[in-house]
Amino acid sequence: MWASASFVGVLIIIGVPLWWKTTEVYRVALPYDKINAFDPMSHFISSELTVLANDDKTAQDIAKQIEKAFEQSDVIKLKIKKQVLSKELQHILDSVADEQEALEEVAATFNTNIHNTFYVVQRKPLFKDVWVGTERVAFFRDVKAAPTLVEALVHWIYEPSVLNGARSETADPARQIRFPSGPGFHVVLSVVHPKPQLMKVDFNARDAVEDYIGSFVDEISDLHNFTLKSQWLHLLEFNFEAKEVTDSPGDRHFAVRQDRLPLLLTRLEERAATHVSERPTLNLALYVVPCDTAPLVLYDADNKRVSSPVQAFMSPKWGGVVLGNPTQQECQEKLYKPNVNLIMGTFLSQLRKLLGITDKRAVGGARLEALRRAAPRRWERDALLRLRALEQLASAQASLASLAELLGEISNIVINDEVGASINLAVDSIQRAGQLLERGDLLEAHKYAQQGFLAAETAFMEPSLLALLYFPDDQKYAIYIPLFLPIMFPVVLSLKNLILWFRGKPVHKEKID
Amino acid sequence: MIQLNIFSFSLIFSLLFTISITNAIEIPEKFQKSNHTNNWAVLVDTSRFWFNYRHVANVLSIYRSVKRLGIPDSQIILMISDDMACNPRNPRPATIFNNAHEQINVYGDDVEVDYRGYEVSVENFVRLLTGRVPPDTPRSKRLLTDEGSNILIYLTGHGGDGFLKFQDSEEITSQELADALEQMWQKRRYNEIFFIIDTCQASSMYEKFYSPNILATASSLVGEDSLSHHVDSAIGVYIIDRYTYYVLEFLENVHPNSKKTMSEFLAVCPKSACLSTVGVRRDLFKRDPSKVPITDFFGSVRPVIITTDPIDIQEIPKRRKSQSINKTKVPEKREYLPQFPMHLVQTNNY
């Protein structure tokens, strides 16, 4: 009896808990309650708006109308301040000739360099109701301009619909164009020269990338890191299947259908070697059209000729292509000198959209001063910070929530200490970023949102999550049953006898002679 | 009483009828349109050794078809676990054929194999799908899909009930595969998946799937073998599987703008031709396969936006921070000396 009791003791009392403990899936305690409480729609951004008008009543009226327009928006909360312009500033603003000077005057009195602020300033001698330039200032004429002003604020400056799209689950049109958030991008400008033996191209790609693209990306270095590169691709020919169209005797162009263009991208990808960087690549390509098919002209989906100073197209989340058409004279001289300003301006226009600066639609009665420099407008940078902060917050929360759900669904995923640490870091950063957004501290909020986003991504994508503890339950029994059943049988069967023995009853009936 | 019954029946019928009509109206044509923005393909051959030549031919034929229909190499992950083209038994080195007529060399130019040889393992396959690759993996070996990606997954090799063998040494179970797909879904790594598997007892691989938006088809049901098509006597082994053979025959007639639907694809190999029953699982897939164009999975969408608003830059920008540019040193130009150093010899003309 002692023997069978010791078997039971070893196997059941020591063995089973030991087996349980050693085959347990290692998991760090995670803040499930915090993760489950996440709600991407709960975040909102505070922003400061100052109304400067000539008299108190105008300021009141304008402020009231703006307030009313942004009342229902749950993604952006405006803190509106009202102020009456001093007499002398009023006088100066009314007397200076153009808006640029007026801007400087405003900037001399008010600090327009602070992130996440915006000034709405009255200026009587305006041609249109509202004027918006590159600084964080909008001019308006009088009280009657209020509806236009509100519309400009909604569609240009704050864009609540785009912000809503950034935090929602399904991708809105803006999100389908821009690259997803990331710590950095690799920008490559490829000059494609299909027939180098026939023509020389005079274009300094390295300097162009450095000066134009470089000064653009320096302005948004708070958001992403960039690496810039340029390269030449020779002898890469592509058949556009262009149709020759004669406009007038001696004047012709070659028509390219739009559905032919995606194939050019595939052809470019073969040679562009964009996988050399570990970062997502933004492809920019200048395709030098050979003289026998120049000038190439794009026709849109409705088969209408595109009227534009430059023949160019872009592909969402991929990059942009500009077709460089040499003139007849250049073809004769066998030397093509591209218009660097125009080409780089086109690339910049594409780059802006790919990185998340939206197209500004026309607002009746309001004038948006055309951009004439490489750097983005100041308020566009603010909008980009808001957008990316919200997007990264929403993405980080979604990653953590689905990781938590997966851990419930699939029981044998290991969560080691490092993954646990990055999950905790992500949760803390998300909370901090959310608070900062509500306070309106945009730069800091974006920093924390990015930190949270990256931590959540590493937690989800951590290679150790697949450490080979991946073993479906049904296969476990295939191993355990032949291993343990033969041993467990006699042990379990002897239990009955043991119990009887413990109760002091005689185990074996005494033989009765 | 009977009249009442008839009346109530007719009422119910009319009610049902109106419901079905309103349903039909509520689902517009657009509902059947996919909202994917890019296409990816994962093509895997899992078996080694010369007698499995046909599996390599299978996967390379599918590779050739999806490439012809427009998916670029950067969005195709090709895993081939043995190198038949360079096998010493191959009578025509550097070629792989999928037909005894040897018309098309499927190992022709531009085949970009992403994982080859012993890199084709269960671990690498699951890592690829879930995105949990080691951090130093190059981008060409990653499945960089997003919420708008339609993915075509094609697997071929030797399978059994509930598993697919990799490399004669390990196997992936249907549960593991289902969990991997669920993790992809949770991370929003796909919009829709079309899963094709050509192995024995192939349908057992998709039975455990539980993530939405997956359409799956298999060359054989549980308990059935999937058979090969024909032998090339010059090569000496079977060179293609029946199911893939008929799939290819079908795909050869598909063009990037053809109007063939997925339901035609699913019916591609009847039992009389395949000798095994083709299995289909469509309960996870939200759309009606008869209204889904085949190019949603085999072709590639690449939206293009024409740019008409270049920025008119007034002053040429100069980058403020002069960062160190690593200029590659241009070597000085050198010339060949003339073959006969005549310039060294004073020639005197008498």
# chains A, B, ... in the order shown; residues from 1 in each chain; ligands from 1
>>> residues_around(residues="Ala100 (chain B)", least_positions_apart="2", cutoff="9 Å", atoms="only C-alpha atoms", output="list of chain:residue names")
B:Phe97, B:Asn98, B:Glu102, B:Gln103, B:His230, B:Val231, B:Asp232, B:Ser233, B:Ala234, B:Ile235, B:Ile239
>>> write_last_selection(atoms="all heavy atoms", output="PDB file, in the first residue's frame")
ATOM      1  N   PHE B  97       9.661  22.822 -67.926  1.00  0.00           N
ATOM      2  CA  PHE B  97       8.509  22.834 -68.822  1.00  0.00           C
ATOM      3  C   PHE B  97       7.280  22.333 -68.094  1.00  0.00           C
ATOM      4  O   PHE B  97       7.387  21.524 -67.171  1.00  0.00           O
ATOM      5  CB  PHE B  97       8.783  21.960 -70.045  1.00  0.00           C
ATOM      6  CG  PHE B  97       9.875  22.499 -70.909  1.00  0.00           C
ATOM      7  CD1 PHE B  97      11.151  21.973 -70.841  1.00  0.00           C
ATOM      8  CD2 PHE B  97       9.638  23.558 -71.755  1.00  0.00           C
ATOM      9  CE1 PHE B  97      12.162  22.482 -71.619  1.00  0.00           C
ATOM     10  CE2 PHE B  97      10.649  24.079 -72.535  1.00  0.00           C
ATOM     11  CZ  PHE B  97      11.916  23.536 -72.477  1.00  0.00           C
ATOM     12  N   ASN B  98       6.127  22.830 -68.542  1.00  0.00           N
ATOM     13  CA  ASN B  98       4.896  22.359 -67.928  1.00  0.00           C
ATOM     14  C   ASN B  98       4.074  21.553 -68.919  1.00  0.00           C
ATOM     15  O   ASN B  98       2.902  21.336 -68.708  1.00  0.00           O
ATOM     16  CB  ASN B  98       4.091  23.534 -67.363  1.00  0.00           C
ATOM     17  CG  ASN B  98       3.658  24.502 -68.435  1.00  0.00           C
ATOM     18  OD1 ASN B  98       3.933  24.304 -69.613  1.00  0.00           O
ATOM     19  ND2 ASN B  98       2.976  25.557 -68.032  1.00  0.00           N
ATOM     20  N   GLU B 102       6.849  20.866 -74.657  1.00  0.00           N
ATOM     21  CA  GLU B 102       7.968  21.752 -74.325  1.00  0.00           C
ATOM     22  C   GLU B 102       7.884  23.069 -75.092  1.00  0.00           C
ATOM     23  O   GLU B 102       8.868  23.554 -75.651  1.00  0.00           O
ATOM     24  CB  GLU B 102       9.300  21.046 -74.580  1.00  0.00           C
ATOM     25  CG  GLU B 102       9.391  19.745 -73.798  1.00  0.00           C
ATOM     26  CD  GLU B 102      10.802  19.188 -73.706  1.00  0.00           C
ATOM     27  OE1 GLU B 102      11.672  19.722 -74.396  1.00  0.00           O
ATOM     28  OE2 GLU B 102      11.009  18.251 -72.926  1.00  0.00           O
ATOM     29  N   GLN B 103       6.691  23.637 -75.116  1.00  0.00           N
ATOM     30  CA  GLN B 103       6.531  24.900 -75.840  1.00  0.00           C
ATOM     31  C   GLN B 103       7.018  26.072 -75.009  1.00  0.00           C
ATOM     32  O   GLN B 103       7.702  26.951 -75.496  1.00  0.00           O
ATOM     33  CB  GLN B 103       5.056  25.117 -76.204  1.00  0.00           C
ATOM     34  CG  GLN B 103       4.613  24.251 -77.344  1.00  0.00           C
ATOM     35  CD  GLN B 103       3.133  24.000 -77.287  1.00  0.00           C
ATOM     36  OE1 GLN B 103       2.523  24.041 -76.230  1.00  0.00           O
ATOM     37  NE2 GLN B 103       2.553  23.728 -78.432  1.00  0.00           N
ATOM     38  N   HIS B 230       0.463  14.397 -67.003  1.00  0.00           N
ATOM     39  CA  HIS B 230       1.127  13.533 -67.969  1.00  0.00           C
ATOM     40  C   HIS B 230       2.643  13.552 -67.785  1.00  0.00           C
ATOM     41  O   HIS B 230       3.196  14.421 -67.133  1.00  0.00           O
ATOM     42  CB  HIS B 230       0.755  13.910 -69.402  1.00  0.00           C
ATOM     43  CG  HIS B 230       1.215  15.274 -69.817  1.00  0.00           C
ATOM     44  ND1 HIS B 230       0.497  16.414 -69.537  1.00  0.00           N
ATOM     45  CD2 HIS B 230       2.326  15.673 -70.474  1.00  0.00           C
ATOM     46  CE1 HIS B 230       1.144  17.449 -70.025  1.00  0.00           C
ATOM     47  NE2 HIS B 230       2.250  17.052 -70.582  1.00  0.00           N
ATOM     48  N   VAL B 231       3.262  12.537 -68.400  1.00  0.00           N
ATOM     49  CA  VAL B 231       4.715  12.360 -68.277  1.00  0.00           C
ATOM     50  C   VAL B 231       5.384  12.942 -69.513  1.00  0.00           C
ATOM     51  O   VAL B 231       4.850  12.853 -70.612  1.00  0.00           O
ATOM     52  CB  VAL B 231       5.065  10.859 -68.186  1.00  0.00           C
ATOM     53  CG1 VAL B 231       6.571  10.665 -68.051  1.00  0.00           C
ATOM     54  CG2 VAL B 231       4.354  10.210 -67.056  1.00  0.00           C
ATOM     55  N   ASP B 232       6.526  13.539 -69.307  1.00  0.00           N
ATOM     56  CA  ASP B 232       7.371  13.884 -70.442  1.00  0.00           C
ATOM     57  C   ASP B 232       8.464  12.822 -70.476  1.00  0.00           C
ATOM     58  O   ASP B 232       9.284  12.734 -69.564  1.00  0.00           O
ATOM     59  CB  ASP B 232       7.972  15.274 -70.239  1.00  0.00           C
ATOM     60  CG  ASP B 232       8.809  15.691 -71.426  1.00  0.00           C
ATOM     61  OD1 ASP B 232       9.080  14.832 -72.286  1.00  0.00           O
ATOM     62  OD2 ASP B 232       9.183  16.863 -71.495  1.00  0.00           O
ATOM     63  N   SER B 233       8.475  11.998 -71.512  1.00  0.00           N
ATOM     64  CA  SER B 233       9.405  10.869 -71.494  1.00  0.00           C
ATOM     65  C   SER B 233      10.846  11.351 -71.596  1.00  0.00           C
ATOM     66  O   SER B 233      11.764  10.651 -71.179  1.00  0.00           O
ATOM     67  CB  SER B 233       9.070   9.904 -72.624  1.00  0.00           C
ATOM     68  OG  SER B 233       8.916  10.624 -73.820  1.00  0.00           O
ATOM     69  N   ALA B 234      11.053  12.548 -72.118  1.00  0.00           N
ATOM     70  CA  ALA B 234      12.418  13.060 -72.180  1.00  0.00           C
ATOM     71  C   ALA B 234      12.924  13.404 -70.792  1.00  0.00           C
ATOM     72  O   ALA B 234      14.100  13.229 -70.478  1.00  0.00           O
ATOM     73  CB  ALA B 234      12.473  14.285 -73.084  1.00  0.00           C
ATOM     74  N   ILE B 235      12.024  13.894 -69.972  1.00  0.00           N
ATOM     75  CA  ILE B 235      12.427  14.269 -68.627  1.00  0.00           C
ATOM     76  C   ILE B 235      12.290  13.080 -67.695  1.00  0.00           C
ATOM     77  O   ILE B 235      13.075  12.896 -66.778  1.00  0.00           O
ATOM     78  CB  ILE B 235      11.579  15.484 -68.161  1.00  0.00           C
ATOM     79  CG1 ILE B 235      11.958  16.695 -69.012  1.00  0.00           C
ATOM     80  CG2 ILE B 235      11.786  15.783 -66.703  1.00  0.00           C
ATOM     81  CD1 ILE B 235      11.087  17.891 -68.806  1.00  0.00           C
ATOM     82  N   ILE B 239       5.072  15.930 -65.271  1.00  0.00           N
ATOM     83  CA  ILE B 239       5.526  17.303 -65.328  1.00  0.00           C
ATOM     84  C   ILE B 239       4.468  18.322 -64.938  1.00  0.00           C
ATOM     85  O   ILE B 239       4.776  19.495 -64.822  1.00  0.00           O
ATOM     86  CB  ILE B 239       6.114  17.666 -66.704  1.00  0.00           C
ATOM     87  CG1 ILE B 239       5.115  17.368 -67.793  1.00  0.00           C
ATOM     88  CG2 ILE B 239       7.411  16.945 -66.937  1.00  0.00           C
ATOM     89  CD1 ILE B 239       5.573  17.957 -69.095  1.00  0.00           C
TER      90      ILE B 239
END
>>> interface_residues(of="chain A", to="chain B", cutoff="7 Å", atoms="only C-alpha atoms", output="ChimeraX atom specification")
/A:210-212,214-215,262,266,275,278,308,312-316,341-342,345-346,349,371-374,399,402,461-463,472
>>> atom_distance(atom1="CA of Pro338 (chain A)", atom2="CA of Pro249 (chain A)")
25.9 Å
>>> select_by_dssp(residues="region 399-443 of chain A", states="alpha helix (DSSP H)", output="PyMOL selection string")
chain A and resi 399-409+417-439+442-443
>>> select_by_dssp(residues="region 24-105 of chain A", states="strand (DSSP E or B)", output="ChimeraX atom specification")
/A:27,45-53,76-84
>>> residues_around(residues="region 83-98 of chain A", least_positions_apart="4", cutoff="8 Å", atoms="only C-alpha atoms", output="ChimeraX atom specification")
/A:50-56,59,102,105-106,123-125
>>> atom_distance(atom1="CA of Asn90 (chain B)", atom2="CA of Phe49 (chain B)")
11.7 Å
>>> closest_residue(among="B:Gly162, B:Gly236, B:Pro212, B:Pro341", to="Phe285 (chain B)", atoms="only C-alpha atoms")
B:Pro212
>>> atom_distance(atom1="CA of Ser226 (chain B)", atom2="CA of Thr199 (chain B)")
5.8 Å
>>> residues_around(residues="Asp428 (chain A)", least_positions_apart="3", cutoff="12 Å", atoms="only C-alpha atoms", output="tab-separated table (two decimals) with C-alpha atoms, in the first residue's frame")
chain	number	residue	atom	x	y	z
A	31	PRO	CA	-2.90	45.93	-19.18
A	34	LYS	CA	-6.66	49.72	-20.50
A	35	ILE	CA	-6.45	48.19	-23.96
A	38	PHE	CA	-9.45	52.27	-25.96
A	393	LEU	CA	-2.93	56.91	-32.30
A	396	ALA	CA	-1.61	51.87	-32.40
A	397	GLN	CA	-4.86	51.34	-30.54
A	421	ALA	CA	7.53	46.08	-22.22
A	422	SER	CA	6.72	47.46	-25.64
A	423	ILE	CA	3.01	46.88	-25.09
A	424	ASN	CA	3.20	48.78	-21.82
A	425	LEU	CA	5.21	51.54	-23.48
A	431	GLN	CA	-2.56	57.86	-23.09
A	432	ARG	CA	0.02	60.62	-22.88
A	433	ALA	CA	-0.45	61.57	-26.53
A	434	GLY	CA	-4.21	61.67	-26.08
A	435	GLN	CA	-3.89	64.07	-23.15
A	448	TYR	CA	4.27	60.42	-28.22
A	449	ALA	CA	1.78	59.19	-30.79
A	451	GLN	CA	6.36	56.42	-30.11
A	452	GLY	CA	3.18	54.57	-29.23
A	453	PHE	CA	2.60	53.61	-32.84
A	455	ALA	CA	5.93	50.34	-29.94
A	456	ALA	CA	2.58	48.80	-30.86
>>> closest_residue(among="B:Asn150, B:Leu78, B:Cys200, B:Asn124", to="Ile172 (chain B)", atoms="only C-alpha atoms")
B:Asn124
